[in-house]
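Visitor: Structure supplied as work09.cif; contents: mmCIF, C-alpha atoms.
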```
data_target
#
loop_
_atom_site.label_atom_id
_atom_site.label_comp_id
_atom_site.auth_asym_id
_atom_site.auth_seq_id
_atom_site.Cartn_x
_atom_site.Cartn_y
_atom_site.Cartn_z
CA MET F 24 78.19 101.75 145.08
CA THR F 25 81.66 103.34 145.14
CA ALA F 26 84.31 100.83 146.25
CA PRO F 27 86.40 101.70 149.33
CA THR F 28 89.77 102.91 148.10
CA SER F 29 91.64 101.51 151.09
CA ARG F 30 91.09 97.91 150.03
CA PRO F 31 94.00 96.16 148.29
CA LEU F 32 93.73 95.73 144.53
CA SER F 33 93.93 92.32 142.95
CA PRO F 34 97.34 91.74 141.36
CA HIS F 35 95.98 89.41 138.66
CA LEU F 36 95.45 92.12 136.06
CA SER F 37 99.19 92.50 135.44
CA ILE F 38 100.14 88.81 135.53
CA TRP F 39 99.14 87.28 132.23
CA LYS F 40 100.56 86.38 128.83
CA TRP F 41 99.09 86.36 125.35
CA GLY F 42 97.19 83.26 124.28
CA PRO F 43 95.62 82.49 120.88
CA HIS F 44 92.10 83.03 122.29
CA MET F 45 93.02 86.59 123.36
CA LEU F 46 94.56 87.32 119.97
CA VAL F 47 91.48 85.99 118.15
CA SER F 48 89.19 87.99 120.44
CA ILE F 49 90.90 91.32 119.75
CA LEU F 50 91.31 90.44 116.05
CA HIS F 51 87.53 89.94 115.87
CA ARG F 52 87.01 93.54 117.01
CA VAL F 53 89.80 95.01 114.87
CA THR F 54 88.73 93.19 111.69
CA GLY F 55 85.05 94.00 112.35
CA SER F 56 85.83 97.70 112.82
CA GLY F 57 88.08 97.70 109.74
CA LEU F 58 85.44 96.02 107.60
CA THR F 59 82.88 98.54 108.84
CA VAL F 60 84.95 101.65 108.11
CA ALA F 61 87.03 100.70 105.05
CA GLY F 62 84.89 97.84 103.72
CA LEU F 63 81.55 99.65 103.75
CA ALA F 64 83.10 102.86 102.40
CA LEU F 65 84.58 100.89 99.48
CA LEU F 66 81.31 99.01 98.90
CA THR F 67 79.35 102.28 98.73
CA TRP F 68 81.94 103.95 96.48
CA TRP F 69 82.08 100.87 94.20
CA LEU F 70 78.28 100.80 93.71
CA LEU F 71 78.10 104.59 93.24
CA SER F 72 80.92 104.53 90.69
CA ILE F 73 79.20 101.79 88.67
CA ALA F 74 75.96 103.79 88.77
CA SER F 75 77.64 107.11 87.88
CA GLY F 76 79.18 106.04 84.57
CA ALA F 77 82.48 105.06 82.96
CA PRO F 78 84.68 107.99 84.15
CA ALA F 79 83.71 107.47 87.81
CA PHE F 80 84.24 103.71 87.53
CA ASP F 81 87.65 104.21 85.88
CA GLN F 82 88.60 106.42 88.84
CA PHE F 83 87.56 103.65 91.25
CA VAL F 84 89.55 101.04 89.28
CA ALA F 85 92.63 103.32 89.22
CA VAL F 86 92.59 103.53 93.02
CA ALA F 87 91.66 99.85 93.54
CA THR F 88 94.46 98.57 91.27
CA HIS F 89 97.10 100.93 92.69
CA PRO F 90 99.56 98.97 94.91
CA VAL F 91 98.13 100.71 98.00
CA GLY F 92 94.59 99.93 96.84
CA ILE F 93 95.47 96.27 96.30
CA ALA F 94 97.09 96.12 99.75
CA VAL F 95 93.85 97.48 101.27
CA LEU F 96 91.73 94.99 99.30
CA VAL F 97 93.94 92.06 100.34
CA GLY F 98 93.77 93.34 103.92
CA LEU F 99 89.98 93.52 103.75
CA THR F 100 89.81 90.01 102.28
CA TRP F 101 91.88 88.71 105.17
CA ALA F 102 89.77 90.75 107.65
CA PHE F 103 86.61 89.22 106.17
CA TRP F 104 87.83 85.63 106.47
CA GLN F 105 89.32 86.16 109.94
CA HIS F 106 86.10 87.81 111.17
CA SER F 107 83.98 85.09 109.52
CA PHE F 108 85.86 82.11 110.97
CA SER F 109 86.08 83.86 114.34
CA GLY F 110 82.35 84.64 114.09
CA LEU F 111 81.53 80.99 113.35
CA ARG F 112 83.60 80.07 116.41
CA HIS F 113 81.53 82.54 118.47
CA LEU F 114 78.25 81.06 117.21
CA PHE F 115 79.58 77.66 118.27
CA LEU F 116 80.62 79.05 121.70
CA ASP F 117 77.15 80.65 122.03
CA THR F 118 75.70 77.13 122.29
CA GLY F 119 77.77 76.64 125.44
CA ALA F 120 80.23 74.22 123.80
CA GLY F 121 83.97 74.45 123.20
CA TYR F 122 85.16 76.15 126.40
CA GLU F 123 87.55 73.35 127.42
CA LEU F 124 91.09 74.80 127.43
CA LYS F 125 92.55 72.63 124.68
CA THR F 126 89.43 72.79 122.46
CA ASN F 127 89.24 76.55 122.86
CA ARG F 128 92.90 76.95 122.01
CA PHE F 129 92.67 74.62 119.02
CA PHE F 130 89.74 76.43 117.39
CA SER F 131 91.32 79.84 118.11
CA VAL F 132 94.46 78.81 116.23
CA MET F 133 92.35 77.25 113.46
CA THR F 134 90.52 80.54 112.75
CA ILE F 135 93.89 82.20 112.07
CA VAL F 136 95.16 79.35 109.89
CA ALA F 137 91.89 79.05 107.94
CA ALA F 138 91.69 82.84 107.37
CA LEU F 139 95.21 83.00 105.92
CA PHE F 140 94.52 80.00 103.69
CA ALA F 141 91.15 81.38 102.49
CA THR F 142 92.69 84.81 101.75
CA ALA F 143 95.39 83.22 99.61
CA ALA F 144 92.83 81.03 97.82
CA THR F 145 90.49 83.98 97.16
CA TRP F 146 93.25 86.05 95.53
CA PHE F 147 94.61 83.08 93.65
CA VAL F 148 91.22 82.72 91.93
CA LEU F 149 90.67 86.49 91.49
CA MET F 150 94.06 86.96 89.84
CA GLY F 151 93.35 84.06 87.51
CA VAL F 152 90.04 85.64 86.48
CA ASN F 153 91.28 89.14 85.80
CA ARG F 154 94.82 88.76 84.54
CA MET X 21 67.63 100.40 146.71
CA SER X 22 65.61 100.30 149.92
CA ALA X 23 62.75 98.15 148.62
CA ASP X 24 64.70 94.92 149.14
CA LYS X 25 63.90 93.47 152.57
CA SER X 26 60.32 94.47 153.15
CA ALA X 27 59.05 94.28 149.58
CA THR X 28 56.55 91.68 148.44
CA PRO X 29 57.57 89.40 145.54
CA LEU X 30 55.66 91.75 143.21
CA GLY X 31 57.42 94.81 144.65
CA LYS X 32 60.80 93.24 144.00
CA VAL X 33 60.26 92.77 140.27
CA ARG X 34 58.41 96.03 139.56
CA GLY X 35 60.36 98.37 137.29
CA LEU X 36 62.77 95.69 136.09
CA GLY X 37 61.22 95.56 132.63
CA PRO X 38 59.36 92.86 130.73
CA ALA X 39 60.40 89.24 131.15
CA GLY X 40 58.91 87.84 127.95
CA ASN X 41 61.35 88.65 125.16
CA VAL X 42 64.65 89.63 126.77
CA GLY X 43 66.69 87.39 124.43
CA GLY X 44 65.12 88.81 121.29
CA HIS X 45 67.77 91.42 120.58
CA TRP X 46 70.54 88.88 121.15
CA ILE X 47 68.92 86.37 118.78
CA GLU X 48 68.42 89.12 116.19
CA GLU X 49 72.17 89.90 116.28
CA ARG X 50 73.03 86.21 115.68
CA PHE X 51 70.46 86.03 112.86
CA MET X 52 71.98 89.07 111.16
CA SER X 53 75.50 87.64 111.55
CA VAL X 54 74.48 84.39 109.82
CA ALA X 55 72.70 86.39 107.10
CA ILE X 56 75.70 88.61 106.33
CA PHE X 57 78.03 85.58 106.35
CA LEU X 58 75.95 83.72 103.74
CA LEU X 59 75.43 86.86 101.61
CA SER X 60 79.17 87.66 101.78
CA LEU X 61 79.98 84.17 100.51
CA TRP X 62 77.49 84.75 97.68
CA LEU X 63 79.18 88.08 96.77
CA ILE X 64 82.73 86.70 96.87
CA PHE X 65 81.91 83.60 94.81
CA SER X 66 79.86 85.68 92.35
CA LEU X 67 82.79 88.08 91.80
CA MET X 68 85.09 85.07 91.36
CA MET X 69 82.80 83.51 88.74
CA LEU X 70 82.28 86.66 86.64
CA PRO X 71 84.34 86.54 83.43
CA ALA X 72 85.74 90.03 84.17
CA LEU X 73 85.22 92.86 86.66
CA ASP X 74 84.86 95.73 84.15
CA ARG X 75 81.86 98.08 84.31
CA ASP X 76 79.87 96.54 81.42
CA THR X 77 80.07 93.07 82.96
CA LEU X 78 79.09 94.37 86.41
CA VAL X 79 76.13 96.40 85.06
CA GLU X 80 74.84 93.44 83.07
CA TRP X 81 75.23 91.22 86.14
CA LEU X 82 73.44 93.64 88.52
CA ARG X 83 70.55 94.21 86.10
CA ALA X 84 69.44 90.60 86.58
CA PRO X 85 67.15 90.08 89.60
CA ALA X 86 69.23 87.04 90.57
CA ALA X 87 72.11 89.43 91.40
CA ALA X 88 70.29 92.70 92.23
CA VAL X 89 68.09 91.15 94.94
CA PRO X 90 70.87 89.38 96.91
CA MET X 91 73.04 92.50 96.49
CA ALA X 92 70.26 94.64 98.05
CA LEU X 93 69.99 92.12 100.90
CA PHE X 94 73.79 92.15 101.24
CA VAL X 95 73.83 95.96 101.57
CA ILE X 96 71.05 95.94 104.20
CA ALA X 97 72.54 93.06 106.21
CA ALA X 98 76.09 94.50 105.98
CA PHE X 99 75.10 97.90 107.40
CA LYS X 100 72.81 96.37 110.04
CA HIS X 101 75.45 93.90 111.22
CA ALA X 102 78.12 96.64 111.18
CA LEU X 103 75.83 98.83 113.30
CA ASP X 104 75.20 95.94 115.75
CA GLY X 105 78.95 95.38 116.05
CA MET X 106 80.00 99.02 116.40
CA LYS X 107 77.38 99.51 119.14
CA VAL X 108 78.88 96.63 121.13
CA VAL X 109 82.38 98.07 120.63
CA VAL X 110 81.51 101.61 121.77
CA ASP X 111 79.59 100.18 124.75
CA ASP X 112 82.98 99.23 126.19
CA TYR X 113 84.60 102.64 125.76
CA VAL X 114 81.85 105.23 126.31
CA HIS X 115 80.86 105.17 129.97
CA THR X 116 78.57 108.17 130.32
CA GLU X 117 74.96 107.24 129.59
CA GLY X 118 74.23 110.45 127.70
CA ASN X 119 77.35 110.15 125.54
CA LEU X 120 76.55 106.51 124.84
CA VAL X 121 73.03 107.33 123.65
CA ALA X 122 74.45 110.12 121.45
CA THR X 123 77.13 107.79 120.03
CA HIS X 124 74.53 105.13 119.23
CA PHE X 125 72.43 107.83 117.50
CA VAL X 126 75.38 108.92 115.33
CA LEU X 127 76.28 105.31 114.44
CA LYS X 128 72.69 104.57 113.49
CA MET X 129 72.43 107.66 111.29
CA LEU X 130 75.72 106.79 109.53
CA ALA X 131 74.53 103.21 108.93
CA ILE X 132 71.17 104.33 107.55
CA ALA X 133 72.78 106.99 105.34
CA GLY X 134 75.37 104.53 103.97
CA ALA X 135 72.76 101.86 103.30
CA ALA X 136 70.44 104.36 101.58
CA LEU X 137 73.28 105.65 99.37
CA SER X 138 74.31 102.11 98.38
CA LEU X 139 70.72 101.02 97.71
CA PHE X 140 70.13 104.12 95.57
CA ALA X 141 73.24 103.34 93.51
CA LEU X 142 72.17 99.71 93.17
CA ALA X 143 68.63 100.72 92.07
CA LYS X 144 70.08 103.09 89.49
CA ILE X 145 72.24 100.27 88.07
CA ALA X 146 69.49 97.64 88.21
CA PHE X 147 66.85 99.86 86.60
CA GLY X 148 69.13 101.10 83.84
CA ALA X 149 72.30 103.13 84.35
CA ALA X 150 73.62 104.35 81.01
#
```
Would you mind writing the file's structure down as structure tokens?
Guide:
Amino acid sequence: MTAPTSRPLSPHLSIWKWGPHMLVSILHRVTGSGLTVAGLALLTWWLLSIASGAPAFDQFVAVATHPVGIAVLVGLTWAFWQHSFSGLRHLFLDTGAGYELKTNRFFSVMTIVAALFATAATWFVLMGVNR
Amino acid sequence: MSADKSATPLGKVRGLGPAGNVGGHWIEERFMSVAIFLLSLWLIFSLMMLPALDRDTLVEWLRAPAAAVPMALFVIAAFKHALDGMKVVVDDYVHTEGNLVATHFVLKMLAIAGAALSLFALAKIAFGAA
């Protein structure tokens, strides 16, 4: 099955430019991996800290409300919404619909717009609850 | 490789695996993705609706079955969906069959360990953490 090395290689692999569908595709992987590593670690720590008692929970809150902690939480919120809207797009594509160039481009862009809007809305409500 | 031209129709399909349920794993992945999406929405809106996010409020909330049960389902679905996704990701970067099997093993163990730890913590809260 090894391909003959003397045959010319297709030049197409180096002639391309970024499109929204490519960006959304790689964002789906990046956000999914980020949610897996950072999101699940935080979820486990959060539940364990609640179960372990007040000192452990205070430690969690100290890290979560630190500027770096808040940046991570905002990042995870955005990652969740981006991955969710992108995931809904994939479920839609799985039915065989939405592959027309303009439709595909439109929904790719919409996942990015909707994720940014939903992240802002989520934190708007959360800040109102806790401050 | 050599059983192509002279083989009977039966000989051609032998060893290719069962034909009955080949889409099952694919469907299961979609099912888990819908499940984790709905459960995530539940978690986010629940956290938004709680009057505060201090420990006493969270303990009281998670002691009620109406929160403890969906939270348990959330933990299970989150780790299962994460495992499904990470497997698909490593499939593209690990090309040696043996390494791929080993990587899948490690991912599965991490997912099971994380889910067990989270479920233990949740049970401790739900059944009466001090």
Visitor: Enumerate, as an NGL selection string, the residues matched when the PyMOL selection byres ((chain X) within 9 of (chain F)) is run on the file above.
Guide: :X and (50 or 53-54 or 57 or 60 or 64-65 or 67-76 or 78-79 or 95 or 98-99 or 102-103 or 105-106 or 109 or 134-135 or 137-146 or 148-150)
Visitor: What would the file look like if the residues just selected were written as a compact mmCIF listing (two decimals), in the frame of the given file with C-alpha atoms?
Guide:
```txt
# COMPACT_ATOMS: atom_id res chain seq x y z
CA ARG X 50 73.03 86.21 115.68
CA SER X 53 75.50 87.64 111.55
CA VAL X 54 74.48 84.39 109.82
CA PHE X 57 78.03 85.58 106.35
CA SER X 60 79.17 87.66 101.78
CA ILE X 64 82.73 86.70 96.87
CA PHE X 65 81.91 83.60 94.81
CA LEU X 67 82.79 88.08 91.80
CA MET X 68 85.09 85.07 91.36
CA MET X 69 82.80 83.51 88.74
CA LEU X 70 82.28 86.66 86.64
CA PRO X 71 84.34 86.54 83.43
CA ALA X 72 85.74 90.03 84.17
CA LEU X 73 85.22 92.86 86.66
CA ASP X 74 84.86 95.73 84.15
CA ARG X 75 81.86 98.08 84.31
CA ASP X 76 79.87 96.54 81.42
CA LEU X 78 79.09 94.37 86.41
CA VAL X 79 76.13 96.40 85.06
CA VAL X 95 73.83 95.96 101.57
CA ALA X 98 76.09 94.50 105.98
CA PHE X 99 75.10 97.90 107.40
CA ALA X 102 78.12 96.64 111.18
CA LEU X 103 75.83 98.83 113.30
CA GLY X 105 78.95 95.38 116.05
CA MET X 106 80.00 99.02 116.40
CA VAL X 109 82.38 98.07 120.63
CA GLY X 134 75.37 104.53 103.97
CA ALA X 135 72.76 101.86 103.30
CA LEU X 137 73.28 105.65 99.37
CA SER X 138 74.31 102.11 98.38
CA LEU X 139 70.72 101.02 97.71
CA PHE X 140 70.13 104.12 95.57
CA ALA X 141 73.24 103.34 93.51
CA LEU X 142 72.17 99.71 93.17
CA ALA X 143 68.63 100.72 92.07
CA LYS X 144 70.08 103.09 89.49
CA ILE X 145 72.24 100.27 88.07
CA ALA X 146 69.49 97.64 88.21
CA GLY X 148 69.13 101.10 83.84
CA ALA X 149 72.30 103.13 84.35
CA ALA X 150 73.62 104.35 81.01
```
Visitor: So what do you get for atom CA of Ser131 of chain F versus atom CA of Val97 of chain F, distance-wise?
Guide: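 It comes out at 21.7 Å.
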Visitor: Report the distance between atom CA of Val132 of chain F and atom CA of Ser48 of chain F in Å, rounded to one decimal place.
Guide: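 Computed distance, atom CA of Val132 of chain F to atom CA of Ser48 of chain F, equals 11.4 Å.
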Visitor: For the structure provided, state which residues fall under the PyMOL selection byres ((chain X and resi 124) around 9), and present them as a PyMOL selection string.
Guide: chain X and resi 103+106-107+110-111+119-123+125-129
Visitor: For Ala87 of chain X, which of X:Leu59, X:Asp104, X:Ser26, X:Val114 is the closest residue, counting only C-alpha atoms?
Guide: X:Leu59
Visitor: So which one's closest to Glu49 of chain X, X:Thr116, X:Ile132, X:Leu82, X:Lys100? Using all atoms listed in the file, please.
Guide: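 So, comparing all the options, the nearest one is X:Lys100.
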Visitor: Assuming the chain letters and numbering stay as they are in my file, what does the PyMOL selection byres ((chain F and resi 130) around 12) actually select? List them as a list in words.
Guide: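 In the shown coordinates, the PyMOL selection byres ((chain F and resi 130) around 12) covers Pro43, His44, Val47, Ser48, Phe108, Ser109, Gly110, Leu111, Arg112, His113, Phe115, Leu116, Ala120, Gly121, Tyr122, Glu123, Leu124, Lys125, Thr126, Asn127, Arg128, Phe129, Ser131, Val132, Met133, Thr134, Ile135, Val136 and Ala137 of chain F.
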Visitor: Which residue is closest to Ala136 of chain X? Choose from X:Glu80, X:Val33, X:Ile96, X:Phe51 and count all atoms listed in the file.
Guide: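 That would be X:Ile96, the residue with the smallest distance to Ala136 of chain X.
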Visitor: So what do you get for atom CA of Trp81 of chain X versus atom CA of Leu63 of chain X, distance-wise?
Guide: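 The value is 11.8 Å.
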